[in-house]
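Engineer: Got data.csv for you, CSV, C-alpha atoms:
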```csv
chain,number,residue,atom,x,y,z
R,221,MET,CA,-46.7,0.8,9.5
R,222,ILE,CA,-43.0,1.5,9.1
R,223,ASP,CA,-43.2,1.0,5.3
R,224,LYS,CA,-46.1,3.4,5.1
R,225,LEU,CA,-44.2,6.0,7.1
R,226,GLU,CA,-41.1,5.6,4.8
R,227,LEU,CA,-43.4,6.4,1.9
R,228,LEU,CA,-44.7,9.4,3.7
R,229,LEU,CA,-41.1,10.6,4.1
R,230,ALA,CA,-40.5,10.1,0.4
R,231,LEU,CA,-43.5,12.3,-0.3
R,232,ALA,CA,-42.2,15.0,2.1
R,233,ARG,CA,-38.9,15.0,0.2
R,234,GLU,CA,-40.3,15.2,-3.3
R,235,ARG,CA,-43.6,17.1,-2.8
R,236,HIS,CA,-44.8,15.2,-5.8
R,237,PHE,CA,-46.7,11.9,-5.9
R,238,GLY,CA,-45.0,10.5,-9.0
R,239,ARG,CA,-41.4,11.4,-8.0
R,240,ALA,CA,-42.0,10.2,-4.5
R,241,ALA,CA,-43.2,6.8,-5.8
R,242,GLU,CA,-40.2,6.5,-8.1
R,243,ALA,CA,-37.8,7.5,-5.4
R,244,ALA,CA,-39.3,4.8,-3.1
R,245,GLY,CA,-39.3,2.2,-5.8
R,246,VAL,CA,-43.1,1.6,-5.8
R,247,THR,CA,-45.9,2.5,-8.2
R,248,GLN,CA,-47.9,5.7,-7.7
R,249,PRO,CA,-51.1,3.7,-6.9
R,250,THR,CA,-49.1,1.8,-4.1
R,251,LEU,CA,-48.0,5.1,-2.6
R,252,SER,CA,-51.5,6.6,-2.8
R,253,SER,CA,-53.0,3.5,-1.2
R,254,ALA,CA,-50.5,3.6,1.6
R,255,LEU,CA,-51.3,7.3,2.3
R,256,LYS,CA,-55.0,6.6,2.3
R,257,SER,CA,-54.5,3.7,4.7
R,258,LEU,CA,-52.6,5.9,7.1
R,259,GLU,CA,-55.3,8.6,6.9
R,260,ASP,CA,-58.0,5.9,7.7
R,261,GLN,CA,-56.0,4.5,10.5
R,262,LEU,CA,-55.3,7.9,12.1
R,263,GLY,CA,-58.7,9.4,11.3
R,264,VAL,CA,-57.3,12.6,9.8
R,265,LEU,CA,-56.4,14.1,6.4
R,266,ILE,CA,-52.6,14.1,6.0
R,267,VAL,CA,-52.2,15.7,2.6
R,268,GLU,CA,-54.3,18.3,0.7
R,269,ARG,CA,-54.4,17.1,-2.9
R,270,GLY,CA,-56.4,17.5,-6.0
R,271,SER,CA,-55.0,16.3,-9.3
R,272,ARG,CA,-51.5,16.7,-7.7
R,273,PHE,CA,-49.8,17.2,-4.3
R,274,GLN,CA,-50.6,20.6,-2.7
R,275,ARG,CA,-49.4,20.6,0.9
R,276,PHE,CA,-49.4,18.7,4.2
R,277,THR,CA,-52.3,19.6,6.5
R,278,PRO,CA,-51.5,20.8,10.0
R,279,GLU,CA,-52.3,17.3,11.3
R,280,GLY,CA,-50.1,15.9,8.5
R,281,GLU,CA,-47.2,18.0,9.6
R,282,ARG,CA,-47.4,16.6,13.1
R,283,ILE,CA,-47.7,13.1,11.7
R,284,LEU,CA,-44.6,13.8,9.6
R,285,ASP,CA,-42.7,14.8,12.8
R,286,TRP,CA,-43.7,11.5,14.4
R,287,ALA,CA,-42.8,9.6,11.2
R,288,ARG,CA,-39.3,10.9,11.2
R,289,ARG,CA,-38.8,9.9,14.8
R,290,ILE,CA,-40.3,6.4,14.3
R,291,VAL,CA,-38.5,5.7,11.1
R,292,GLY,CA,-35.2,7.0,12.5
R,293,ASP,CA,-35.5,4.8,15.5
R,294,ALA,CA,-36.5,1.8,13.4
R,295,ARG,CA,-33.4,2.3,11.2
R,296,ALA,CA,-31.2,2.6,14.2
R,297,MET,CA,-32.6,-0.6,15.7
R,298,ARG,CA,-32.0,-2.6,12.5
R,299,GLN,CA,-28.5,-1.2,12.3
R,300,GLU,CA,-27.7,-2.1,15.9
R,301,ILE,CA,-29.0,-5.7,15.4
R,302,GLU,CA,-26.8,-6.0,12.3
R,303,ALA,CA,-23.8,-4.7,14.2
R,304,LEU,CA,-24.3,-7.3,16.9
R,305,LYS,CA,-24.4,-10.1,14.3
R,306,LYS,CA,-21.7,-9.0,11.9
R,307,GLY,CA,-19.8,-6.1,13.4
R,308,LEU,CA,-20.1,-2.5,12.3
R,309,SER,CA,-21.0,-2.1,8.6
R,310,GLY,CA,-23.5,-0.3,6.4
R,311,HIS,CA,-23.7,3.1,4.7
R,312,LEU,CA,-23.1,6.5,6.3
R,313,LYS,CA,-24.3,9.6,4.5
R,314,LEU,CA,-22.6,12.9,5.3
R,315,ALA,CA,-23.6,16.4,4.2
R,316,VAL,CA,-20.8,19.0,4.5
R,317,ILE,CA,-20.4,22.7,3.9
R,318,PRO,CA,-17.9,23.3,1.1
R,319,THR,CA,-15.3,25.1,3.3
R,320,SER,CA,-15.0,22.0,5.6
R,321,LEU,CA,-14.5,19.4,2.8
R,322,PRO,CA,-10.7,19.5,3.1
R,323,PHE,CA,-10.9,18.8,6.8
R,324,LEU,CA,-13.1,15.8,6.3
R,325,ALA,CA,-10.3,13.3,5.7
R,326,GLU,CA,-9.2,13.7,9.3
R,327,LEU,CA,-12.5,12.0,10.3
R,328,THR,CA,-13.1,9.6,7.4
R,329,VAL,CA,-9.6,8.1,7.2
R,330,PRO,CA,-9.6,6.7,10.8
R,331,MET,CA,-13.2,5.6,10.4
R,332,ARG,CA,-12.3,3.7,7.3
R,333,ARG,CA,-9.3,2.0,9.0
R,334,ARG,CA,-11.2,0.9,12.0
R,335,TYR,CA,-14.4,-0.1,10.2
R,336,PRO,CA,-13.5,-1.2,6.6
R,337,ASP,CA,-17.1,-2.5,6.0
R,338,VAL,CA,-18.6,1.0,6.4
R,339,ASN,CA,-19.3,2.8,3.1
R,340,LEU,CA,-19.4,6.6,3.0
R,341,THR,CA,-21.3,9.1,0.9
R,342,ILE,CA,-20.2,12.7,1.2
R,343,LEU,CA,-22.3,15.5,-0.2
R,344,SER,CA,-21.4,19.2,-0.4
R,345,MET,CA,-24.3,21.6,0.3
R,346,THR,CA,-25.3,24.8,2.1
R,347,SER,CA,-25.8,24.9,5.9
R,348,ASP,CA,-29.6,25.4,5.4
R,349,SER,CA,-29.8,22.4,3.1
R,350,ILE,CA,-27.9,20.3,5.6
R,351,LEU,CA,-30.5,20.9,8.3
R,352,ALA,CA,-33.4,20.1,5.9
R,353,LYS,CA,-31.7,16.9,4.8
R,354,LEU,CA,-31.1,15.8,8.4
R,355,GLU,CA,-34.6,16.5,9.3
R,356,ASN,CA,-36.0,14.3,6.6
R,357,LEU,CA,-33.5,11.5,7.3
R,358,GLU,CA,-31.8,11.9,3.9
R,359,VAL,CA,-28.4,12.2,5.5
R,360,ASP,CA,-27.0,10.8,8.8
R,361,ILE,CA,-24.6,13.6,9.8
R,362,GLY,CA,-24.0,17.2,8.9
R,363,ILE,CA,-20.8,19.2,9.2
R,364,SER,CA,-21.5,22.9,9.4
R,365,TYR,CA,-21.3,26.0,11.5
R,366,VAL,CA,-22.2,25.5,15.2
R,367,ASP,CA,-21.7,29.0,16.6
R,368,THR,CA,-25.4,29.2,17.7
R,369,GLU,CA,-27.7,27.0,19.7
R,370,PRO,CA,-29.2,24.3,17.5
R,371,PRO,CA,-32.9,23.8,16.9
R,372,PRO,CA,-34.4,21.6,19.7
R,373,ARG,CA,-34.4,18.5,17.5
R,374,PHE,CA,-30.7,18.6,16.7
R,375,GLU,CA,-27.5,18.3,18.7
R,376,MET,CA,-24.1,19.7,17.8
R,377,ILE,CA,-20.5,18.6,18.6
R,378,ARG,CA,-17.7,21.1,18.0
R,379,ILE,CA,-14.6,19.8,16.2
R,380,TYR,CA,-12.5,22.8,15.2
R,381,ASP,CA,-12.5,26.6,14.7
R,382,GLU,CA,-12.5,28.2,11.3
R,383,ARG,CA,-10.0,31.0,10.8
R,384,TYR,CA,-9.7,33.3,7.8
R,385,VAL,CA,-6.9,34.3,5.4
R,386,LEU,CA,-6.6,36.6,2.4
R,387,LEU,CA,-5.4,34.5,-0.5
R,388,VAL,CA,-3.4,36.4,-3.1
R,389,ALA,CA,-1.1,35.6,-6.0
R,390,PRO,CA,2.7,35.8,-5.5
R,391,GLU,CA,2.9,39.0,-7.6
R,392,SER,CA,0.3,40.8,-5.4
R,393,PRO,CA,1.6,44.0,-3.7
R,394,LEU,CA,0.4,42.4,-0.4
R,395,ALA,CA,2.2,39.1,-0.9
R,396,LYS,CA,5.0,39.8,1.5
R,397,ARG,CA,2.7,40.9,4.3
R,398,GLU,CA,2.2,38.7,7.4
R,399,GLN,CA,-1.1,40.3,8.2
R,400,VAL,CA,-3.8,42.4,6.5
R,401,THR,CA,-6.9,44.0,8.0
R,402,TRP,CA,-10.4,43.2,6.8
R,403,ALA,CA,-10.7,46.8,5.7
R,404,GLU,CA,-7.6,46.5,3.4
R,405,ALA,CA,-8.9,43.2,2.0
R,406,GLY,CA,-12.2,44.8,1.2
R,407,GLN,CA,-10.5,47.3,-1.1
R,408,LEU,CA,-9.3,44.5,-3.4
R,409,PRO,CA,-11.1,42.8,-6.3
R,410,LEU,CA,-12.5,39.8,-4.5
R,411,CYS,CA,-13.9,36.5,-5.8
R,412,LEU,CA,-16.1,34.9,-3.1
R,413,LEU,CA,-18.6,32.1,-2.7
R,414,THR,CA,-22.2,32.8,-3.7
R,415,PRO,CA,-24.6,34.5,-1.1
R,416,ASP,CA,-26.5,31.2,-0.5
R,417,MET,CA,-23.4,29.9,1.3
R,418,GLN,CA,-23.1,30.8,5.0
R,419,ASN,CA,-19.4,31.3,4.7
R,420,ARG,CA,-20.1,34.2,2.2
R,421,ARG,CA,-22.7,35.7,4.6
R,422,LEU,CA,-20.2,35.6,7.4
R,423,ILE,CA,-17.5,37.3,5.3
R,424,ASP,CA,-19.9,40.0,4.2
R,425,ARG,CA,-20.7,40.6,7.8
R,426,HIS,CA,-17.1,40.9,8.9
R,427,LEU,CA,-16.3,43.3,6.0
R,428,GLU,CA,-19.3,45.5,7.0
R,429,GLU,CA,-18.1,45.5,10.6
R,430,ALA,CA,-14.8,46.8,9.2
R,431,GLY,CA,-16.7,49.6,7.4
R,432,ILE,CA,-16.6,48.0,3.9
R,433,ARG,CA,-19.6,47.2,1.7
R,434,GLN,CA,-18.0,45.0,-0.8
R,435,THR,CA,-19.5,43.7,-4.1
R,436,PRO,CA,-17.2,40.9,-5.3
R,437,THR,CA,-16.5,41.0,-9.0
R,438,LEU,CA,-16.7,37.2,-9.3
R,439,GLU,CA,-18.9,34.8,-7.4
R,440,SER,CA,-19.0,31.0,-7.5
R,441,ASN,CA,-20.3,28.0,-5.5
R,442,SER,CA,-17.1,26.2,-6.4
R,443,MET,CA,-13.9,26.5,-4.3
R,444,LEU,CA,-11.9,25.3,-7.3
R,445,VAL,CA,-13.2,28.2,-9.4
R,446,LEU,CA,-12.2,30.7,-6.7
R,447,TYR,CA,-8.7,29.2,-6.5
R,448,ALA,CA,-8.2,29.2,-10.2
R,449,HIS,CA,-9.1,32.9,-10.4
R,450,VAL,CA,-6.8,33.9,-7.5
R,451,ARG,CA,-4.0,32.1,-9.4
R,452,SER,CA,-4.6,34.4,-12.4
R,453,GLY,CA,-3.5,37.3,-10.3
R,454,GLU,CA,-6.6,39.4,-11.2
R,455,TRP,CA,-8.5,38.5,-8.0
R,456,ALA,CA,-7.9,37.8,-4.3
R,457,SER,CA,-10.2,35.7,-2.1
R,458,ILE,CA,-11.0,35.3,1.6
R,459,LEU,CA,-11.0,31.7,2.6
R,460,PRO,CA,-10.7,29.5,5.8
R,461,SER,CA,-7.1,28.9,6.4
R,462,ARG,CA,-7.4,25.0,6.3
R,463,LEU,CA,-9.1,25.3,2.9
R,464,ALA,CA,-6.5,27.6,1.5
R,465,GLU,CA,-3.7,25.3,2.6
R,466,THR,CA,-5.4,22.3,1.1
R,467,LEU,CA,-6.2,23.9,-2.2
R,468,ASP,CA,-2.8,25.4,-2.7
R,469,ARG,CA,-0.6,22.3,-2.8
R,470,PRO,CA,2.1,22.7,-4.0
R,471,SER,CA,2.2,26.3,-2.6
R,472,ARG,CA,1.7,28.8,-5.4
R,473,LEU,CA,-0.3,31.4,-3.6
R,474,ARG,CA,0.2,33.5,-0.5
R,475,PRO,CA,-2.2,33.1,2.5
R,476,ILE,CA,-2.2,36.2,4.7
R,477,THR,CA,-3.7,36.3,8.2
R,478,LEU,CA,-6.7,38.6,8.5
R,479,VAL,CA,-6.8,40.8,11.6
R,480,GLU,CA,-8.8,43.8,13.0
R,481,PRO,CA,-10.8,41.9,13.9
R,482,THR,CA,-9.4,38.4,14.3
R,483,VAL,CA,-12.4,36.2,13.9
R,484,THR,CA,-13.2,32.5,14.3
R,485,HIS,CA,-16.3,30.4,13.8
R,486,LYS,CA,-17.0,27.0,15.3
R,487,ILE,CA,-17.4,24.0,12.9
R,488,GLY,CA,-18.9,20.8,14.1
R,489,LEU,CA,-21.1,17.8,13.6
R,490,ILE,CA,-24.9,18.2,13.6
R,491,VAL,CA,-27.0,15.1,14.2
R,492,THR,CA,-30.6,14.5,14.9
R,493,LYS,CA,-31.2,14.3,18.7
R,494,ARG,CA,-31.8,10.6,19.4
R,495,GLU,CA,-30.8,8.3,22.3
R,496,PRO,CA,-29.2,6.0,21.5
R,497,HIS,CA,-27.7,7.0,18.2
R,498,SER,CA,-27.4,4.4,15.5
R,499,PRO,CA,-24.0,2.5,15.8
R,500,LEU,CA,-22.6,4.2,12.6
R,501,VAL,CA,-23.5,7.7,13.8
R,502,ALA,CA,-22.2,6.9,17.4
R,503,ALA,CA,-18.9,5.6,15.9
R,504,PHE,CA,-18.4,8.7,13.8
R,505,ILE,CA,-19.2,11.0,16.7
R,506,ALA,CA,-16.6,9.2,18.8
R,507,HIS,CA,-13.9,9.8,16.1
R,508,ALA,CA,-14.9,13.5,15.8
R,509,LYS,CA,-14.6,14.0,19.6
R,510,ARG,CA,-11.1,12.5,19.5
R,511,VAL,CA,-10.1,14.9,16.7
R,512,GLY,CA,-11.7,17.9,18.4
R,513,ASN,CA,-10.3,17.2,21.9
R,514,PRO,CA,-7.7,14.4,21.7
R,515,ALA,CA,-6.4,14.8,25.3
R,516,LYS,CA,-9.8,14.4,26.7
R,517,ALA,CA,-10.6,11.5,24.5
R,518,GLU,CA,-7.4,9.7,25.6
R,519,ALA,CA,-8.2,10.3,29.2
R,520,VAL,CA,-11.5,8.7,28.8
```
Starting from the coordinates I provided, produce the structure as structure tokens.
Structural biologist:
Amino acid sequence: MIDKLELLLALARERHFGRAAEAAGVTQPTLSSALKSLEDQLGVLIVERGSRFQRFTPEGERILDWARRIVGDARAMRQEIEALKKGLSGHLKLAVIPTSLPFLAELTVPMRRRYPDVNLTILSMTSDSILAKLENLEVDIGISYVDTEPPPRFEMIRIYDERYVLLVAPESPLAKREQVTWAEAGQLPLCLLTPDMQNRRLIDRHLEEAGIRQTPTLESNSMLVLYAHVRSGEWASILPSRLAETLDRPSRLRPITLVEPTVTHKIGLIVTKREPHSPLVAAFIAHAKRVGNPAKAEAV
């Protein structure tokens, strides 16, 4: 049953019979046979299909929800048994919003030192994609914005607050300023992340609150592209302060604190709600809590 449910999750990811079979490492007839067997066992049609995949039926969507829970619990069980036999090891997959990538080493380095047999995969993606990947068990942990209440199937653990700076070249007329308002920043030629990124949507919102409807003259989904264009002196950018500090080493640019308003956004871990968590996820959460609240972690 677990193997059949794993194939069902592959189909949910790919929405295509051939690609799902390839991703799962089986033939397409094997996948189709497993799906038909599930339908016979449960007495419902799971997938609407003709010559190709069309959609999951309403009953199929509910079965998919249960499949995610069952497969997630089965994976956690196997991991816990392995940890009891050999110590903590395995593969942990993280999905991270681009603006948090520089912070990540504060979590991964102590994890690596304590558990050298744990391998890590780190993927950069949008906040919406992170939730989708978590839901379908494609990643273990997300790092994203946690300002709002999570959907019922997720839990969030805050680790730090994101603050914003205006990043300008040394020759900018603003370079000697300690602070600049959002309204002033909005008058500059800006290069910003693309609108599919939540960071960009938040920046647009804060500029609008300051009375500015800004259309950036350059957009990119790459932070390195933004940094390179600020260095040219033709553009400025609005970035989280941690990110600006990390990109600009050695210091060549000037980060200026943004005020009126001074805004922060909470960044944290997002994990599927499960009790208990798998040993790998539980260990990573423990490290994140120490970083986010070291005094409390030491007291415990």
Engineer: Please indicate the distance in Å from CA of Asp416 (chain R) to CA of Glu439 (chain R), rounded to one decimal place.
Structural biologist: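 Here the two named atoms are 10.9 Å from each other.
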Engineer: Determine the nearest neighbour of Val359 (chain R) from the options R:Val388, R:Ile490, R:Leu255, R:Ala232, counting all atoms listed in the file.
Structural biologist: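 Of the candidates, the smallest distance to Val359 (chain R) is held by R:Ile490.
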Engineer: Find the distance between CA of Ile283 (chain R) and CA of Ser364 (chain R) and write it in Å to one decimal.
Structural biologist: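 Computed distance, CA of Ile283 (chain R) to CA of Ser364 (chain R), equals 28.1 Å.
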Engineer: Of the candidates R:Met221, R:Val267, R:Leu444, R:Leu459, which shows the shortest atom-to-atom distance to Arg235 (chain R), using all atoms listed in the file?
Structural biologist: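 Of the candidates, the smallest distance to Arg235 (chain R) is held by R:Val267.
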Engineer: So which residues touch Trp455 (chain R) within 6 Å, counting only C-alpha atoms, skipping near sequence neighbours fewer than 4 positions away, as an mmCIF file with C-alpha atoms, keeping the file's coordinate frame?
Structural biologist:
```
data_model
loop_
_atom_site.group_PDB
_atom_site.id
_atom_site.type_symbol
_atom_site.label_atom_id
_atom_site.label_comp_id
_atom_site.auth_asym_id
_atom_site.auth_seq_id
_atom_site.Cartn_x
_atom_site.Cartn_y
_atom_site.Cartn_z
ATOM 1 C CA PRO R 409 -11.100 42.800 -6.300
ATOM 2 C CA LEU R 410 -12.500 39.800 -4.500
ATOM 3 C CA VAL R 450 -6.800 33.900 -7.500
#
```
Engineer: Leaving out region 292-296 of chain R and any residue of its chain fewer than 2 positions from it, which residues lie within 10 Å of it when counting only C-alpha atoms, given as a VMD selection string?
Structural biologist: chain R and resid 222 226 286 to 290 298 to 302 356 to 357 360 492 494 to 501
Engineer: Using all atoms listed in the file, can you tell me which of R:Ala244, R:Val400, R:Val385, R:Ile476 comes closest to Ala230 (chain R)?
Structural biologist: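 Selected residue with least distance to Ala230 (chain R): R:Ala244.
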Engineer: Please compute the CA of Arg275 (chain R)-CA of Ile350 (chain R) distance, one decimal, in Å.
Structural biologist: 22.0 Å
Engineer: Neighbourhood query: residues within 9 Å of (-12.6, 27.7, 4.8), file coordinates, counting only C-alpha atoms; return as a ChimeraX atom specification.
Structural biologist: /R:318-322,382-385,419,458-464
